[in-house]
Amino acid sequence: MKRVFAPERLDVVAFAAEAASLSADDPVPNYPRLVQELALPTPGAVVHWKAVGEQRTGALGKAEPWMHLVAEATVPLVCQRCLAPVDTLVASDRWFRFVADEATADAQDDESGEDLLVVSRDFDLHALVEDELLMEIPVMPVHEVCPAPLQLSSSDEDFNAAEEAKPNPFAVLGALRSGKPEEGK
Ligand SMILES: [Zn+2]
């Protein structure tokens with residue numbers, strides 16, 4: 001019988017040794033740290049991911065567990081030009097090699113093209129999928145062409161008031177970093 005692997009507590013060594021694979025279409029709300037980055041709640045959106053294990057022989061002739069992970073989701077981010085939601089494809093495609101411990105990972109990190117993770121019998125693949133997607137979120141998501149304001153009758157004053165009511169999150173961050181409230185330029 002084929003062994004069943006659980007994405008929340010993955011036996012990484014066995015997963016690689018059996019060249020097993022796992023995949024799922026998870027609802028975006030199952031990824032709370034990703035949800036925090038979104039412009040809108042997205043109950044219908046899905047995170048599609050697939051992980052494939054592979055055992056390779058390392059430099060010292062020892063078996064090394066590897067994993068290829070692809071993950072993607074199309075999610076509404078806040079456009080940094082107009083502040084309206086902009087549907088954005090967030091996608092990751094990466095190889096990981098599992099090493100014995102944190103010290104080995106630190107020591108080999110610079111010389112490795114792949115990403116290094118610490119081997120585990122109950123590895124949280126779900127958390128890794130979320131980490132990868134968070135890393136791929138663009139710093140400045142923008143529409144290719146921003147939609148025109150919906151209320152065509154609204155005056156420039158209304159539009160400016162709306163802009164001021166929704167500060168750019170990066171401006172807010174800058175103000176926090178500098179330790180003083182944002183001042184009008
Ligand atoms: Zn826009």
# chains A, B, ... in the order shown; residues from 1 in each chain; ligands from 1
>>> residues_around(residues="Tyr31 (chain A)", least_positions_apart="6", cutoff="10 Å", atoms="only C-alpha atoms", output="list in words")
Val46, Val47, His126, Ala127, Val129, Glu130, Asp131 and Leu133 of chain A
>>> residues_around(residues="Ala19 (chain A)", least_positions_apart="5", cutoff="10 Å", atoms="only C-alpha atoms", output="NGL selection string")
:A and (13-14 or 52-55 or 65-67)
>>> residues_near_ligand(ligand="ligand 1", cutoff="7 Å", atoms="only C-alpha atoms and all ligand atoms", output="JSON, numbers by chain")
{"A": [79, 80, 81, 82, 83, 84, 86, 142, 143, 145, 146, 147]}
>>> residues_around(residues="region 3-7 of chain A", least_positions_apart="4", cutoff="10 Å", atoms="only C-alpha atoms", output="ChimeraX atom specification")
/A:11-12,14-15,18,20-24,51,122-129
>>> closest_residue(among="A:Asp106, A:Phe96, A:Leu34, A:Ala39", to="His68 (chain A)", atoms="only C-alpha atoms")
A:Phe96
>>> select_by_dssp(residues="region 3-181 of chain A", states="strand (DSSP E or B)", output="PyMOL selection string")
chain A and resi 10+21-27+46-57+63-78+85-99+115-118+123
>>> closest_residue(among="A:Pro41, A:Ala16, A:Glu114, A:Leu10", to="Asp93 (chain A)", atoms="only C-alpha atoms")
A:Glu114
>>> select_by_dssp(residues="region 57-172 of chain A", states="alpha helix (DSSP H)", output="PyMOL selection string")
chain A and resi 102-108+125-136+156-165+169-172
